[in-house]
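Only one structure is covered here, and it is reproduced in the block below.
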Amino acid sequence: MQATATITPPPGQTIAVNIVLPISGLRIAGIYVTWPELIVALLLLIVLVVVVAIVLIEYNIWRSKRLAKALLSGARAAGRP
């Protein structure tokens, strides 16, 4: 889309001109979000999900080791090899 306009003010007079440029983006929940902002937000969301998944996996491994250690030490205390 292209538009042109010619303004010729009289000498010594200034005219205020308001120019509106179209910006592509989306309106999500009433908030206008540009494409770069949307891409960054999605990337941050993906990184957050990956970090939470890694933390949960590591917690599960730690908990399994701790439970195994407690069970083995309990068996040794009861006289079992």
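Following the order of the structure tokens, first chain is A, next is B, and so on, with residues numbered from 1 inside each chain and ligands from 1 in the order they appear.
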Q: Would you please extract all strand (DSSP E or B) residues from chain A, as assigned by DSSP on the backbone, and give them as a VMD selection string?
A: chain A and resid 25 to 28 31 to 34
Q) Rounded to one decimal in Å, what is the spacing between atom CA of A:Trp35 and atom CA of A:Leu21? A)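 Calculated distance between atom CA of A:Trp35 and atom CA of A:Leu21 is 15.6 Å.
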(Q) Taking only chain A into account, list the residues labelled alpha helix (DSSP H) by DSSP (computed from the backbone), as JSON, numbers by chain. (A) {"A": [35, 36, 37, 38, 39, 40, 41, 42, 43, 44, 45, 46, 47, 48, 49, 50, 51, 52, 53, 54, 55, 56, 57, 58, 59, 60, 61, 62, 63, 64, 65, 66, 67, 68, 69, 70, 71, 72, 73, 74, 75, 76, 77]}
Q) So what do you get for atom CA of A:Val40 versus atom CA of A:Val52, distance-wise? A)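 Answer for the atom CA of A:Val40 to atom CA of A:Val52 separation: 18.3 Å.
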Q | Minimum-distance residue to A:Ala5, chosen among A:Ile19, A:Val47, A:Ile28, A:Val33 (using only C-alpha atoms) | A |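 Distance minimum relative to A:Ala5 lands on A:Ile19.
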